[in-house]
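**Q** Contents of my_file-v6.cif (mmCIF, N, CA and C atoms) are given next:
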data_target
#
loop_
_atom_site.label_atom_id
_atom_site.label_comp_id
_atom_site.auth_asym_id
_atom_site.auth_seq_id
_atom_site.Cartn_x
_atom_site.Cartn_y
_atom_site.Cartn_z
N MET A 1 74.01 25.99 53.19
CA MET A 1 73.32 26.25 51.95
C MET A 1 72.07 27.10 52.22
N PHE A 2 71.31 26.77 53.24
CA PHE A 2 70.14 27.56 53.61
C PHE A 2 70.49 28.46 54.77
N ASN A 3 69.98 29.67 54.72
CA ASN A 3 70.14 30.57 55.85
C ASN A 3 68.95 31.52 55.88
N ILE A 4 68.66 32.03 57.04
CA ILE A 4 67.56 32.98 57.20
C ILE A 4 68.05 34.15 58.05
N ASN A 5 67.33 35.24 57.94
CA ASN A 5 67.64 36.43 58.71
C ASN A 5 66.46 36.72 59.62
N LEU A 6 66.63 36.45 60.89
CA LEU A 6 65.54 36.67 61.85
C LEU A 6 65.23 38.14 62.05
N GLN A 7 66.14 39.02 61.63
CA GLN A 7 65.93 40.47 61.75
C GLN A 7 65.16 41.04 60.55
N SER A 8 64.99 40.25 59.52
CA SER A 8 64.36 40.71 58.29
C SER A 8 62.86 40.93 58.49
N ARG A 9 62.32 41.87 57.73
CA ARG A 9 60.87 42.08 57.71
C ARG A 9 60.17 40.99 56.92
N MET A 10 60.92 40.31 56.05
CA MET A 10 60.35 39.25 55.23
C MET A 10 60.03 38.04 56.11
N PRO A 11 58.82 37.49 55.98
CA PRO A 11 58.48 36.29 56.77
C PRO A 11 59.48 35.17 56.51
N ILE A 12 59.71 34.36 57.52
CA ILE A 12 60.70 33.30 57.43
C ILE A 12 60.34 32.30 56.33
N TYR A 13 59.06 31.94 56.21
CA TYR A 13 58.69 30.98 55.17
C TYR A 13 59.01 31.54 53.79
N GLU A 14 58.86 32.85 53.61
CA GLU A 14 59.16 33.48 52.32
C GLU A 14 60.67 33.48 52.06
N GLN A 15 61.46 33.63 53.12
CA GLN A 15 62.91 33.57 52.97
C GLN A 15 63.33 32.17 52.50
N VAL A 16 62.73 31.14 53.07
CA VAL A 16 63.03 29.76 52.67
C VAL A 16 62.60 29.56 51.22
N TYR A 17 61.41 30.03 50.88
CA TYR A 17 60.88 29.92 49.51
C TYR A 17 61.85 30.56 48.52
N LYS A 18 62.25 31.79 48.80
CA LYS A 18 63.13 32.52 47.88
C LYS A 18 64.52 31.90 47.82
N LYS A 19 64.98 31.33 48.92
CA LYS A 19 66.30 30.70 48.93
C LYS A 19 66.31 29.48 48.02
N VAL A 20 65.24 28.69 48.04
CA VAL A 20 65.17 27.53 47.15
C VAL A 20 65.23 28.00 45.70
N ILE A 21 64.48 29.03 45.36
CA ILE A 21 64.50 29.56 44.00
C ILE A 21 65.90 30.05 43.64
N GLU A 22 66.54 30.76 44.54
CA GLU A 22 67.90 31.26 44.30
C GLU A 22 68.85 30.10 44.02
N LEU A 23 68.77 29.04 44.81
CA LEU A 23 69.66 27.90 44.64
C LEU A 23 69.40 27.17 43.32
N ILE A 24 68.16 27.18 42.86
CA ILE A 24 67.84 26.58 41.56
C ILE A 24 68.41 27.44 40.44
N ILE A 25 68.20 28.75 40.51
CA ILE A 25 68.70 29.66 39.47
C ILE A 25 70.22 29.56 39.37
N LYS A 26 70.89 29.45 40.50
CA LYS A 26 72.35 29.36 40.50
C LYS A 26 72.85 27.98 40.08
N GLY A 27 71.94 27.02 39.94
CA GLY A 27 72.34 25.67 39.54
C GLY A 27 72.85 24.83 40.69
N ILE A 28 72.69 25.30 41.91
CA ILE A 28 73.13 24.53 43.08
C ILE A 28 72.16 23.39 43.36
N LEU A 29 70.87 23.69 43.20
CA LEU A 29 69.85 22.64 43.25
C LEU A 29 69.43 22.35 41.82
N VAL A 30 69.41 21.09 41.46
CA VAL A 30 69.10 20.71 40.08
C VAL A 30 67.86 19.81 40.04
N GLU A 31 67.34 19.67 38.84
CA GLU A 31 66.14 18.88 38.62
C GLU A 31 66.25 17.50 39.28
N ASN A 32 65.19 17.13 39.97
CA ASN A 32 65.03 15.85 40.66
C ASN A 32 65.92 15.69 41.89
N GLU A 33 66.63 16.74 42.28
CA GLU A 33 67.43 16.66 43.51
C GLU A 33 66.50 16.75 44.72
N GLN A 34 66.79 15.95 45.70
CA GLN A 34 65.96 15.94 46.91
C GLN A 34 66.32 17.12 47.81
N LEU A 35 65.28 17.77 48.31
CA LEU A 35 65.47 18.86 49.27
C LEU A 35 65.58 18.26 50.67
N PRO A 36 66.15 19.02 51.61
CA PRO A 36 66.16 18.53 53.00
C PRO A 36 64.72 18.31 53.47
N SER A 37 64.53 17.33 54.32
CA SER A 37 63.19 17.10 54.86
C SER A 37 62.76 18.31 55.67
N VAL A 38 61.46 18.46 55.84
CA VAL A 38 60.93 19.56 56.64
C VAL A 38 61.54 19.53 58.03
N ARG A 39 61.60 18.37 58.61
CA ARG A 39 62.13 18.23 59.96
C ARG A 39 63.61 18.61 60.02
N ASN A 40 64.40 18.10 59.08
CA ASN A 40 65.84 18.39 59.08
C ASN A 40 66.13 19.87 58.84
N LEU A 41 65.42 20.48 57.88
CA LEU A 41 65.66 21.89 57.60
C LEU A 41 65.21 22.77 58.76
N SER A 42 64.11 22.41 59.39
CA SER A 42 63.65 23.21 60.54
C SER A 42 64.66 23.12 61.69
N LYS A 43 65.28 21.95 61.88
CA LYS A 43 66.31 21.82 62.91
C LYS A 43 67.55 22.62 62.55
N GLU A 44 67.95 22.52 61.27
CA GLU A 44 69.14 23.24 60.81
C GLU A 44 68.98 24.75 60.99
N LEU A 45 67.78 25.26 60.69
CA LEU A 45 67.54 26.70 60.77
C LEU A 45 67.00 27.14 62.13
N ASN A 46 66.72 26.15 62.98
CA ASN A 46 66.16 26.42 64.29
C ASN A 46 64.85 27.21 64.19
N ILE A 47 63.96 26.70 63.32
CA ILE A 47 62.64 27.31 63.14
C ILE A 47 61.57 26.24 63.23
N ASN A 48 60.34 26.67 63.32
CA ASN A 48 59.21 25.76 63.44
C ASN A 48 59.05 24.94 62.15
N PRO A 49 58.83 23.63 62.27
CA PRO A 49 58.62 22.81 61.08
C PRO A 49 57.45 23.29 60.22
N ASN A 50 56.44 23.87 60.84
CA ASN A 50 55.30 24.38 60.06
C ASN A 50 55.72 25.50 59.12
N THR A 51 56.74 26.24 59.49
CA THR A 51 57.25 27.33 58.64
C THR A 51 57.88 26.76 57.38
N VAL A 52 58.70 25.73 57.55
CA VAL A 52 59.33 25.07 56.39
C VAL A 52 58.25 24.41 55.54
N ALA A 53 57.29 23.76 56.19
CA ALA A 53 56.21 23.10 55.45
C ALA A 53 55.43 24.11 54.61
N LYS A 54 55.19 25.30 55.15
CA LYS A 54 54.47 26.34 54.40
C LYS A 54 55.27 26.76 53.17
N ALA A 55 56.58 26.93 53.32
CA ALA A 55 57.43 27.30 52.18
C ALA A 55 57.39 26.20 51.13
N TYR A 56 57.51 24.95 51.54
CA TYR A 56 57.49 23.83 50.61
C TYR A 56 56.13 23.73 49.91
N GLN A 57 55.04 23.99 50.65
CA GLN A 57 53.71 23.95 50.04
C GLN A 57 53.58 25.01 48.94
N GLU A 58 54.11 26.20 49.21
CA GLU A 58 54.07 27.27 48.21
C GLU A 58 54.92 26.91 46.99
N LEU A 59 56.08 26.34 47.24
CA LEU A 59 56.95 25.92 46.14
C LEU A 59 56.27 24.84 45.30
N GLU A 60 55.60 23.93 45.96
CA GLU A 60 54.91 22.87 45.22
C GLU A 60 53.71 23.43 44.47
N ARG A 61 52.98 24.33 45.08
CA ARG A 61 51.82 24.96 44.43
C ARG A 61 52.25 25.68 43.15
N ASN A 62 53.46 26.25 43.18
CA ASN A 62 53.99 26.98 42.03
C ASN A 62 54.82 26.09 41.10
N LYS A 63 54.75 24.78 41.34
CA LYS A 63 55.39 23.77 40.48
C LYS A 63 56.92 23.92 40.41
N ILE A 64 57.50 24.42 41.49
CA ILE A 64 58.95 24.55 41.57
C ILE A 64 59.55 23.28 42.17
N ILE A 65 58.78 22.65 43.05
CA ILE A 65 59.18 21.36 43.61
C ILE A 65 57.99 20.41 43.50
N TYR A 66 58.25 19.13 43.73
CA TYR A 66 57.18 18.15 43.81
C TYR A 66 57.48 17.22 44.97
N SER A 67 56.44 16.62 45.51
CA SER A 67 56.60 15.71 46.65
C SER A 67 56.17 14.31 46.26
N LEU A 68 56.89 13.35 46.81
CA LEU A 68 56.52 11.95 46.67
C LEU A 68 56.24 11.41 48.06
N SER A 69 55.06 10.88 48.23
CA SER A 69 54.64 10.40 49.53
C SER A 69 55.66 9.42 50.12
N GLY A 70 56.10 9.73 51.32
CA GLY A 70 57.04 8.87 52.02
C GLY A 70 58.49 9.00 51.56
N ARG A 71 58.73 9.80 50.52
CA ARG A 71 60.10 9.93 50.00
C ARG A 71 60.67 11.32 50.16
N GLY A 72 59.81 12.35 50.15
CA GLY A 72 60.30 13.70 50.35
C GLY A 72 59.93 14.64 49.22
N SER A 73 60.62 15.78 49.20
CA SER A 73 60.38 16.83 48.20
C SER A 73 61.59 16.94 47.29
N PHE A 74 61.32 17.20 46.02
CA PHE A 74 62.35 17.21 44.99
C PHE A 74 62.18 18.42 44.09
N VAL A 75 63.27 18.84 43.47
CA VAL A 75 63.23 19.96 42.53
C VAL A 75 62.54 19.49 41.25
N ALA A 76 61.54 20.24 40.84
CA ALA A 76 60.81 19.92 39.62
C ALA A 76 61.61 20.37 38.40
N LYS A 77 61.19 19.89 37.23
CA LYS A 77 61.79 20.37 36.00
C LYS A 77 61.44 21.85 35.88
N THR A 78 62.46 22.67 35.83
CA THR A 78 62.23 24.11 35.82
C THR A 78 62.97 24.75 34.67
N ASN A 79 62.46 25.89 34.30
CA ASN A 79 63.11 26.70 33.29
C ASN A 79 63.74 27.87 34.04
N ARG A 80 65.07 27.83 34.20
CA ARG A 80 65.76 28.86 34.98
C ARG A 80 65.52 30.24 34.39
N ASN A 81 65.43 30.35 33.08
CA ASN A 81 65.18 31.66 32.47
C ASN A 81 63.80 32.20 32.84
N GLN A 82 62.79 31.31 32.91
CA GLN A 82 61.46 31.74 33.33
C GLN A 82 61.50 32.21 34.78
N MET A 83 62.25 31.51 35.62
CA MET A 83 62.35 31.91 37.03
C MET A 83 63.02 33.27 37.15
N LYS A 84 64.07 33.49 36.37
CA LYS A 84 64.74 34.78 36.37
C LYS A 84 63.79 35.88 35.91
N GLU A 85 63.03 35.59 34.87
CA GLU A 85 62.08 36.58 34.34
C GLU A 85 61.02 36.94 35.39
N HIS A 86 60.57 35.95 36.14
CA HIS A 86 59.59 36.19 37.20
C HIS A 86 60.18 37.13 38.26
N ILE A 87 61.42 36.90 38.63
CA ILE A 87 62.08 37.77 39.61
C ILE A 87 62.22 39.18 39.07
N LEU A 88 62.59 39.30 37.79
CA LEU A 88 62.72 40.63 37.19
C LEU A 88 61.37 41.35 37.11
N GLU A 89 60.30 40.61 36.89
CA GLU A 89 58.97 41.22 36.87
C GLU A 89 58.62 41.78 38.25
N GLU A 90 58.95 41.03 39.30
CA GLU A 90 58.73 41.53 40.67
C GLU A 90 59.56 42.78 40.92
N PHE A 91 60.78 42.78 40.41
CA PHE A 91 61.68 43.92 40.55
C PHE A 91 61.09 45.14 39.84
N ASP A 92 60.54 44.93 38.65
CA ASP A 92 59.93 46.02 37.90
C ASP A 92 58.80 46.68 38.69
N VAL A 93 58.00 45.87 39.35
CA VAL A 93 56.90 46.40 40.16
C VAL A 93 57.46 47.30 41.27
N CYS A 94 58.51 46.84 41.92
CA CYS A 94 59.14 47.64 42.99
C CYS A 94 59.70 48.95 42.45
N ILE A 95 60.31 48.89 41.28
CA ILE A 95 60.86 50.10 40.67
C ILE A 95 59.75 51.10 40.38
N LYS A 96 58.65 50.62 39.79
CA LYS A 96 57.52 51.51 39.48
C LYS A 96 56.97 52.16 40.74
N GLU A 97 56.84 51.38 41.81
CA GLU A 97 56.34 51.92 43.08
C GLU A 97 57.28 52.99 43.61
N ALA A 98 58.58 52.73 43.52
CA ALA A 98 59.56 53.70 44.01
C ALA A 98 59.51 54.99 43.19
N LEU A 99 59.41 54.85 41.87
CA LEU A 99 59.34 56.04 41.02
C LEU A 99 58.06 56.83 41.28
N GLN A 100 56.96 56.13 41.48
CA GLN A 100 55.70 56.79 41.77
C GLN A 100 55.73 57.49 43.13
N SER A 101 56.57 57.00 44.02
CA SER A 101 56.70 57.60 45.35
C SER A 101 57.62 58.81 45.36
N GLY A 102 58.23 59.10 44.22
CA GLY A 102 59.06 60.29 44.14
C GLY A 102 60.55 60.06 44.09
N LEU A 103 60.99 58.82 44.17
CA LEU A 103 62.42 58.56 44.03
C LEU A 103 62.81 58.75 42.57
N THR A 104 64.04 59.16 42.35
CA THR A 104 64.51 59.36 40.98
C THR A 104 65.22 58.10 40.49
N LYS A 105 65.37 58.00 39.17
CA LYS A 105 66.10 56.86 38.59
C LYS A 105 67.53 56.86 39.09
N GLU A 106 68.11 58.05 39.23
CA GLU A 106 69.49 58.15 39.72
C GLU A 106 69.60 57.60 41.15
N GLU A 107 68.63 57.94 41.99
CA GLU A 107 68.64 57.42 43.37
C GLU A 107 68.53 55.90 43.37
N LEU A 108 67.69 55.36 42.49
CA LEU A 108 67.54 53.91 42.41
C LEU A 108 68.82 53.24 41.90
N LYS A 109 69.44 53.85 40.89
CA LYS A 109 70.69 53.30 40.36
C LYS A 109 71.77 53.30 41.44
N ASN A 110 71.87 54.39 42.19
CA ASN A 110 72.86 54.47 43.27
C ASN A 110 72.59 53.40 44.32
N ARG A 111 71.33 53.18 44.60
CA ARG A 111 70.96 52.17 45.59
C ARG A 111 71.36 50.77 45.11
N ILE A 112 71.08 50.49 43.84
CA ILE A 112 71.45 49.18 43.27
C ILE A 112 72.97 49.01 43.30
N ASP A 113 73.69 50.05 42.92
CA ASP A 113 75.16 49.97 42.92
C ASP A 113 75.71 49.75 44.32
N GLY A 114 74.98 50.19 45.34
CA GLY A 114 75.46 50.06 46.72
C GLY A 114 75.05 48.77 47.40
N VAL A 115 74.24 47.95 46.75
CA VAL A 115 73.80 46.71 47.37
C VAL A 115 74.97 45.76 47.50
N LYS A 116 75.10 45.20 48.71
CA LYS A 116 76.17 44.23 48.98
C LYS A 116 75.57 42.85 49.08
N LEU A 117 76.25 41.88 48.48
CA LEU A 117 75.79 40.49 48.53
C LEU A 117 76.44 39.74 49.65
#
Please render this file's structure as structure tokens.
**A**
Amino acid sequence: MFNINLQSRMPIYEQVYKKVIELIIKGILVENEQLPSVRNLSKELNINPNTVAKAYQELERNKIIYSLSGRGSFVAKTNRNQMKEHILEEFDVCIKEALQSGLTKEELKNRIDGVKL
């Protein structure tokens, strides 16, 4: 369910953060579902527990998850449409930067069409 790309320029904690959001948007993680413990997820991904803890702290700060002392971290009540809108807003910023840098809309469309999942 969780995976990371060690070759990516994106920090590992950010990859974990974004993966949790992706799983919520897709409905794989649902409200009040318990997330893997920091220790278990760090072992599964073979990364430092502090990295997972940082991702979870950011998720909690943004009210995407909540923690219960001694019980773990859980998916908070979320509005999937709001989460999608937030992602689209980030996308819009990237598009504007690309256009300002001289890329054309056609080049961007071709790039989007070529993205593989």
**Q** Determine, counting all atoms listed in the file, which protein, DNA and RNA residues have an atom within 8 Å of an atom of region 50-64 of chain A; residues of the same chain fewer than 6 positions away are not included. Present the result as a PyMOL selection string.
**A** chain A and resi 12-18+21+37-39+41-42+73-78
**Q** Determine which residues of region 5-105 of chain A receive a DSSP assignment of strand (DSSP E), computed from the backbone, and state them as a CSV table (one decimal) with N, CA and C atoms, in the frame of the given file.
**A**
chain,number,residue,atom,x,y,z
A,65,ILE,N,58.8,22.6,43.0
A,65,ILE,CA,59.2,21.4,43.6
A,65,ILE,C,58.0,20.4,43.5
A,66,TYR,N,58.2,19.1,43.7
A,66,TYR,CA,57.2,18.2,43.8
A,66,TYR,C,57.5,17.2,45.0
A,67,SER,N,56.4,16.6,45.5
A,67,SER,CA,56.6,15.7,46.6
A,67,SER,C,56.2,14.3,46.3
A,68,LEU,N,56.9,13.4,46.8
A,68,LEU,CA,56.5,12.0,46.7
A,68,LEU,C,56.2,11.4,48.1
A,72,GLY,N,59.8,12.4,50.2
A,72,GLY,CA,60.3,13.7,50.4
A,72,GLY,C,59.9,14.6,49.2
A,73,SER,N,60.6,15.8,49.2
A,73,SER,CA,60.4,16.8,48.2
A,73,SER,C,61.6,16.9,47.3
A,74,PHE,N,61.3,17.2,46.0
A,74,PHE,CA,62.4,17.2,45.0
A,74,PHE,C,62.2,18.4,44.1
A,75,VAL,N,63.3,18.8,43.5
A,75,VAL,CA,63.2,20.0,42.5
A,75,VAL,C,62.5,19.5,41.2
**Q** The PyMOL selection byres (((chain A and resi 27-33 and name CA) around 12) and name CA) on the file shown: which residues, as a PyMOL selection string?
**A** chain A and resi 1-2+19-26+34-36+63-68+71-81
